[in-house]
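Q: Next comes the structure file protein07.cif, holding mmCIF, C-alpha atoms and all ligand atoms.
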```
data_coords
#
loop_
_atom_site.label_atom_id
_atom_site.label_comp_id
_atom_site.auth_asym_id
_atom_site.auth_seq_id
_atom_site.Cartn_x
_atom_site.Cartn_y
_atom_site.Cartn_z
CA MET A 1 118.06 93.29 139.40
CA GLN A 2 115.37 93.48 142.11
CA ILE A 3 111.61 93.67 141.75
CA LYS A 4 109.69 95.30 144.60
CA LEU A 5 106.33 93.68 145.11
CA PRO A 6 103.49 93.97 147.58
CA PHE A 7 102.73 90.61 149.19
CA LEU A 8 100.81 88.92 151.98
CA LYS A 9 102.69 88.64 155.26
CA THR A 10 101.49 85.13 156.06
CA ASN A 11 99.53 82.57 154.08
CA LYS A 12 96.39 83.38 155.99
CA LYS A 13 96.66 87.04 156.98
CA ALA A 14 96.21 89.62 154.29
CA THR A 15 98.74 92.04 155.76
CA LYS A 16 100.52 93.84 152.96
CA GLU A 17 104.18 94.70 153.07
CA ASN A 18 106.91 95.02 150.50
CA ILE A 19 109.16 92.17 149.55
CA THR A 20 112.02 91.98 147.16
CA LEU A 21 112.24 89.33 144.49
CA HIS A 22 115.58 88.81 142.82
CA ARG A 23 115.13 88.69 139.07
CA GLU A 24 118.11 86.34 138.62
CA ASN A 25 116.69 83.71 141.00
CA ILE A 26 113.12 83.35 139.73
CA PRO A 27 112.36 79.60 139.65
CA GLY A 28 112.45 78.54 136.01
CA HIS A 29 109.81 75.87 136.37
CA VAL A 30 106.92 76.19 138.84
CA ALA A 31 104.38 73.39 139.24
CA ILE A 32 101.05 73.82 141.03
CA ILE A 33 98.57 71.33 142.48
CA MET A 34 95.46 73.49 142.32
CA ASP A 35 93.52 71.93 145.18
CA GLY A 36 90.44 73.06 147.08
CA ASN A 37 87.90 73.99 144.42
CA GLY A 38 85.27 71.66 145.88
CA ARG A 39 85.71 73.00 149.41
CA TRP A 40 85.62 76.58 148.15
CA ALA A 41 82.21 75.85 146.59
CA ASN A 42 80.90 73.90 149.61
CA LYS A 43 81.72 76.78 151.93
CA ARG A 44 79.45 78.96 149.82
CA GLY A 45 76.65 76.41 149.46
CA LEU A 46 77.45 76.10 145.76
CA PRO A 47 77.82 72.94 143.64
CA ARG A 48 81.40 71.63 143.34
CA VAL A 49 81.55 72.62 139.67
CA ALA A 50 81.16 76.28 140.68
CA GLY A 51 84.47 75.86 142.52
CA HIS A 52 86.09 74.46 139.40
CA LYS A 53 84.81 77.39 137.36
CA GLU A 54 86.22 79.87 139.85
CA GLY A 55 89.44 77.84 139.88
CA MET A 56 89.62 78.16 136.12
CA SER A 57 89.32 81.95 136.33
CA ASN A 58 92.13 81.95 138.83
CA VAL A 59 94.36 80.09 136.39
CA LYS A 60 94.30 83.16 134.18
CA LYS A 61 95.54 85.43 137.01
CA ILE A 62 98.37 83.11 137.98
CA VAL A 63 99.45 82.52 134.37
CA SER A 64 99.65 86.26 133.95
CA ALA A 65 101.64 86.68 137.18
CA ALA A 66 104.04 83.88 136.22
CA SER A 67 104.56 85.38 132.79
CA ASN A 68 105.18 88.88 134.21
CA LEU A 69 107.67 87.57 136.76
CA GLY A 70 109.73 85.73 134.16
CA VAL A 71 108.87 82.13 135.08
CA LYS A 72 109.76 79.95 132.09
CA VAL A 73 107.44 76.97 132.63
CA LEU A 74 104.23 76.80 134.67
CA THR A 75 102.89 73.25 135.03
CA LEU A 76 99.30 73.07 136.32
CA TYR A 77 97.71 69.83 137.54
CA ALA A 78 94.27 70.16 135.93
CA PHE A 79 93.13 66.52 135.78
CA SER A 80 94.80 63.39 137.12
CA THR A 81 94.51 59.81 135.91
CA GLU A 82 92.64 59.18 139.20
CA ASN A 83 90.13 61.99 138.67
CA TRP A 84 88.08 59.73 136.37
CA ARG A 85 86.77 58.17 139.61
CA ARG A 86 84.72 61.30 140.34
CA PRO A 87 81.00 61.45 139.51
CA LYS A 88 80.41 61.57 135.74
CA THR A 89 78.82 65.03 135.90
CA GLU A 90 81.94 66.44 137.56
CA VAL A 91 84.29 64.66 135.13
CA ASP A 92 82.26 65.97 132.19
CA TYR A 93 82.50 69.48 133.58
CA LEU A 94 86.25 69.21 134.18
CA MET A 95 86.67 68.01 130.59
CA LYS A 96 84.87 71.12 129.34
CA LEU A 97 87.03 73.51 131.35
CA PRO A 98 90.11 73.51 129.10
CA MET A 99 87.84 74.39 126.18
CA GLU A 100 86.13 77.14 128.14
CA PHE A 101 89.46 78.46 129.40
CA LEU A 102 91.07 78.48 125.98
CA ASN A 103 87.99 79.85 124.19
CA THR A 104 87.96 82.75 126.64
CA TYR A 105 91.66 83.43 127.12
CA LEU A 106 93.51 82.21 124.03
CA PRO A 107 93.79 85.71 122.51
CA GLU A 108 95.29 86.96 125.76
CA LEU A 109 97.70 84.02 125.94
CA ILE A 110 98.80 84.73 122.38
CA GLU A 111 99.26 88.41 123.21
CA LYS A 112 101.43 87.44 126.19
CA ASN A 113 103.55 85.15 123.99
CA VAL A 114 102.51 82.10 126.06
CA LYS A 115 103.07 78.65 124.59
CA VAL A 116 100.46 76.02 125.51
CA GLN A 117 101.63 72.44 126.04
CA THR A 118 100.26 69.42 127.87
CA ILE A 119 101.56 66.38 129.68
CA GLY A 120 99.48 63.25 130.23
CA ASP A 121 97.55 60.72 128.21
CA PHE A 122 96.20 63.14 125.60
CA LEU A 123 94.64 60.53 123.31
CA ALA A 124 92.33 59.24 126.04
CA LEU A 125 90.67 62.66 126.44
CA PRO A 126 87.25 63.33 124.92
CA GLU A 127 87.44 64.64 121.37
CA HIS A 128 86.08 68.09 122.22
CA THR A 129 88.75 68.54 124.90
CA ARG A 130 91.52 67.36 122.59
CA LYS A 131 90.35 69.63 119.76
CA ALA A 132 90.28 72.77 121.90
CA VAL A 133 93.67 72.07 123.44
CA GLN A 134 95.25 71.07 120.13
CA HIS A 135 93.97 74.29 118.57
CA ALA A 136 95.65 76.29 121.35
CA LYS A 137 98.86 74.29 121.01
CA ASP A 138 98.94 74.93 117.26
CA LYS A 139 98.19 78.64 117.62
CA THR A 140 100.92 79.14 120.22
CA ALA A 141 103.52 76.65 118.97
CA GLU A 142 105.94 79.38 117.85
CA ASN A 143 105.58 81.50 120.98
CA SER A 144 108.73 81.97 123.00
CA GLY A 145 107.42 83.24 126.33
CA LEU A 146 106.03 81.32 129.31
CA VAL A 147 105.25 77.66 128.64
CA LEU A 148 101.83 76.93 130.10
CA ASN A 149 102.07 73.21 130.60
CA ILE A 150 98.68 71.72 131.48
CA ALA A 151 98.79 68.29 133.15
CA LEU A 152 95.66 66.75 131.69
CA ASN A 153 94.87 63.11 132.35
CA TYR A 154 98.30 62.98 133.91
CA GLY A 155 99.56 60.39 136.41
CA SER A 156 103.18 60.03 137.33
CA ARG A 157 103.07 56.26 137.75
CA ASP A 158 101.35 55.91 134.39
CA GLU A 159 104.06 58.11 132.87
CA ILE A 160 106.86 55.98 134.39
CA ILE A 161 105.27 52.74 133.18
CA ARG A 162 104.92 54.19 129.66
CA ALA A 163 108.59 55.11 129.72
CA MET A 164 109.50 51.59 130.88
CA LYS A 165 107.41 50.03 128.12
CA ALA A 166 108.92 52.28 125.46
CA MET A 167 112.43 51.46 126.63
CA THR A 168 111.89 47.72 126.93
CA GLY A 169 110.34 47.75 123.44
CA GLU A 170 113.49 49.40 122.10
CA ILE A 171 115.70 46.93 123.93
CA VAL A 172 113.78 44.03 122.38
CA ASN A 173 114.15 45.64 118.93
CA GLY A 174 117.85 46.12 119.48
CA GLN A 175 117.58 49.94 119.35
CA LEU A 176 118.66 50.38 122.96
CA GLU A 177 121.14 48.68 125.28
CA ALA A 178 119.90 48.16 128.86
CA ASP A 179 123.32 49.26 130.10
CA ASP A 180 122.86 52.64 128.43
CA ILE A 181 119.90 53.51 130.64
CA ASP A 182 120.75 56.21 133.14
CA GLU A 183 118.79 59.04 134.77
CA ASP A 184 119.21 61.42 131.85
CA LEU A 185 118.13 58.84 129.31
CA PHE A 186 115.16 57.75 131.42
CA SER A 187 114.02 61.38 131.72
CA ARG A 188 113.88 61.62 127.95
CA TYR A 189 111.08 59.03 127.86
CA LEU A 190 108.88 61.07 130.19
CA PHE A 191 106.21 63.57 129.12
CA THR A 192 108.43 66.28 130.60
CA ASP A 193 111.32 65.51 128.24
CA ASP A 194 111.52 69.05 126.86
CA ILE A 195 110.63 70.97 130.03
CA GLY A 196 112.60 69.26 132.78
CA ASP A 197 112.05 69.18 136.52
CA PRO A 198 110.13 71.74 138.58
CA ASP A 199 112.20 74.03 140.81
CA LEU A 200 109.22 74.87 142.98
CA LEU A 201 106.01 72.92 143.62
CA ILE A 202 103.05 74.69 145.21
CA ARG A 203 100.02 72.90 146.63
CA THR A 204 97.01 74.83 147.86
CA SER A 205 94.25 73.89 150.32
CA GLY A 206 96.30 72.51 153.21
CA GLU A 207 96.95 69.06 151.80
CA GLN A 208 100.62 68.07 151.84
CA ARG A 209 101.09 65.23 149.39
CA LEU A 210 102.07 64.75 145.77
CA SER A 211 99.00 62.81 144.60
CA ASN A 212 100.83 61.07 141.75
CA PHE A 213 102.19 64.36 140.36
CA LEU A 214 105.73 64.57 138.93
CA LEU A 215 107.13 61.89 141.27
CA TRP A 216 110.35 61.34 139.32
CA GLN A 217 110.75 65.01 138.43
CA SER A 218 110.35 66.35 141.98
CA ALA A 219 113.39 64.53 143.44
CA TYR A 220 115.01 67.90 144.26
CA THR A 221 112.06 70.25 143.96
CA GLU A 222 111.32 72.76 146.72
CA PHE A 223 107.80 72.33 148.12
CA TRP A 224 105.57 75.16 149.28
CA PHE A 225 102.17 74.63 150.90
CA THR A 226 99.36 76.98 151.81
CA ASP A 227 95.98 76.47 153.48
CA VAL A 228 94.40 78.87 150.99
CA LEU A 229 91.98 77.17 148.58
CA TRP A 230 92.89 77.38 144.89
CA PRO A 231 90.15 79.84 143.82
CA ASP A 232 91.45 82.25 146.52
CA PHE A 233 95.13 81.78 145.67
CA SER A 234 96.23 85.29 144.71
CA GLU A 235 99.08 86.79 142.72
CA GLN A 236 100.42 88.08 146.05
CA LEU A 237 100.58 84.56 147.46
CA PHE A 238 102.28 83.40 144.29
CA GLU A 239 104.87 86.12 144.81
CA LYS A 240 105.23 85.03 148.44
CA ALA A 241 105.89 81.44 147.36
CA LEU A 242 108.58 82.67 144.97
CA SER A 243 110.08 84.90 147.60
CA ASP A 244 110.21 82.00 150.12
CA TYR A 245 111.82 79.87 147.40
CA GLN A 246 114.51 82.52 147.04
CA GLN A 247 115.36 82.16 150.76
CA ARG A 248 115.98 78.43 150.43
CA LYS A 249 119.40 76.84 149.91
CA ARG A 250 119.23 74.06 147.32
CA ARG A 251 121.98 71.52 147.90
CA TYR A 252 120.93 68.60 145.69
CA GLY A 253 122.33 66.15 148.21
CA GLY A 254 125.62 68.05 148.56
CA ILE A 255 126.65 70.32 151.45
C1 LIG O 1 91.21 69.78 142.84
O1 LIG O 1 90.28 70.37 143.70
C2 LIG O 1 91.06 70.39 141.52
C3 LIG O 1 90.82 69.71 140.36
C4 LIG O 1 90.71 68.27 140.30
C5 LIG O 1 90.63 70.45 139.10
C6 LIG O 1 91.51 71.60 138.92
C7 LIG O 1 91.11 72.35 137.72
C8 LIG O 1 91.10 73.68 137.62
C9 LIG O 1 91.51 74.57 138.70
C10 LIG O 1 90.69 74.34 136.36
C11 LIG O 1 91.50 73.86 135.22
C12 LIG O 1 91.80 74.92 134.29
C13 LIG O 1 92.35 74.73 133.08
C14 LIG O 1 93.02 75.82 132.42
C15 LIG O 1 92.30 73.45 132.39
P1 LIG O 1 89.16 69.48 144.36
O2 LIG O 1 87.96 69.52 143.53
O3 LIG O 1 89.69 68.11 144.63
O4 LIG O 1 88.92 70.25 145.69
P2 LIG O 1 88.46 69.63 147.09
O5 LIG O 1 89.64 68.84 147.60
O6 LIG O 1 88.17 70.83 147.88
O7 LIG O 1 87.26 68.78 146.84
#
```
What would you get if you wrote out this structure as structure tokens?

A:
Amino acid sequence: MQIKLPFLKTNKKATKENITLHRENIPGHVAIIMDGNGRWANKRGLPRVAGHKEGMSNVKKIVSAASNLGVKVLTLYAFSTENWRRPKTEVDYLMKLPMEFLNTYLPELIEKNVKVQTIGDFLALPEHTRKAVQHAKDKTAENSGLVLNIALNYGSRDEIIRAMKAMTGEIVNGQLEADDIDEDLFSRYLFTDDIGDPDLLIRTSGEQRLSNFLLWQSAYTEFWFTDVLWPDFSEQLFEKALSDYQQRKRRYGGI
């Protein structure tokens, strides 16, 4: 089945034309590094937090687009283990955003059958952040639509070290044999155990690096970059990323 969609001709030019997305080849898991909020605000002479607020509003649009297009899992990099190095006022603001987002949009997420999950070191988050997110997780636990997976206090190296520690602990206890460790087993010790690897990873704002995001999981992920800053990243560009993904041949090391 084909879906006809209007989209932007290039990442920068807002020329509309029609593209065709193939329903059967929608990437199941899309991950996004939502970069450029600070620059978006700077360009307008606004404080950086204004960029984060606008970025938060944009999350709602892209969640909706992903859900409508039939994406199964949308993983959003909202706060990294390195983001604690930012000024306290900015960190405090970023820690309030999940609460603000969920307070505003939870009814809509529920209506859209979205299930809220997180990856990252949840227990190290401030209590108010944890409470708001846990409430949303509980309210949407039975939903069967799009999984909105928020990477919150997430770092891939931290995740891998946690997995190593858990496995070595089990080896010491005699619950696990070192020889039994393979890629599938290792993956089960990661935060992404139940959601698997991303098919497509989008990064906005012109930067082209992973920044400690899903390092293990992105071994065969398709990458898609745009110069557009996250608050300006539109549904049309999201569709364009998916359409470009559909043109790619994934070979997983084969021919
Ligand atoms: C990177 O841009 C962005 C972040 C560190 C925060 C991203 C968070 C959101 C978009 C909102 C989160 C929403 C929910 C639902 C929790 P940057 O500030 O590093 O941008 P810059 O590189 O231009 O400075």

Q: Restricting the calculation to only C-alpha atoms, which member of A:Lys53, A:Asp92, A:Glu222, A:Arg130 is positioned closest to Gln247 in chain A?

A: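 Closest to Gln247 in chain A, using only C-alpha atoms: A:Glu222.
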
Q: For Arg23 in chain A, which of A:Ala219, A:Ser243, A:Gly174, A:Asn37 is the closest residue, counting all atoms listed in the file?

A: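 Smallest distance to Arg23 in chain A is found for A:Ser243.
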
Q: Taking all atoms listed in the file into account, name the residue in A:Glu142, A:Glu24, A:Glu100, A:Asp194 that is nearest to ligand LIG 1 (chain O).

A: A:Glu100

Q: Quick check, in Å to one decimal: how far apart do CA of Leu76 in chain A and CA of Gly45 in chain A lie?

A: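 For CA of Leu76 in chain A relative to CA of Gly45 in chain A, the distance reads 26.4 Å.
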
Q: Find, counting all atoms listed in the file, the residue in A:Leu94, A:Ile161, A:Leu152, A:Val172 that gets nearest to Arg48 in chain A.

A: A:Leu94

Q: Report the centre and edge lengths, in Å to one decimal, of an axis-aligned box enclosing every atom of ligand LIG 1 (chain O) listed in the file, padded by 6 Å on each side, as lines of an AutoDock Vina configuration file.

A:
```
center_x = 90.1
center_y = 72.0
center_z = 140.1
size_x = 17.8
size_y = 19.7
size_z = 27.5
```

Q: Taking all atoms listed in the file and a cut-off of 8 Å, can you tell me which residues surround ligand LIG 1 (chain O), written as a count of residues only?

A: 38

Q: So, with only C-alpha atoms as the atoms that count, which of A:Thr81, A:Asn149, A:Gln246, A:Asn18 lies closest to Leu200 in chain A?

A: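 The answer is A:Gln246, which sits nearest to Leu200 in chain A.
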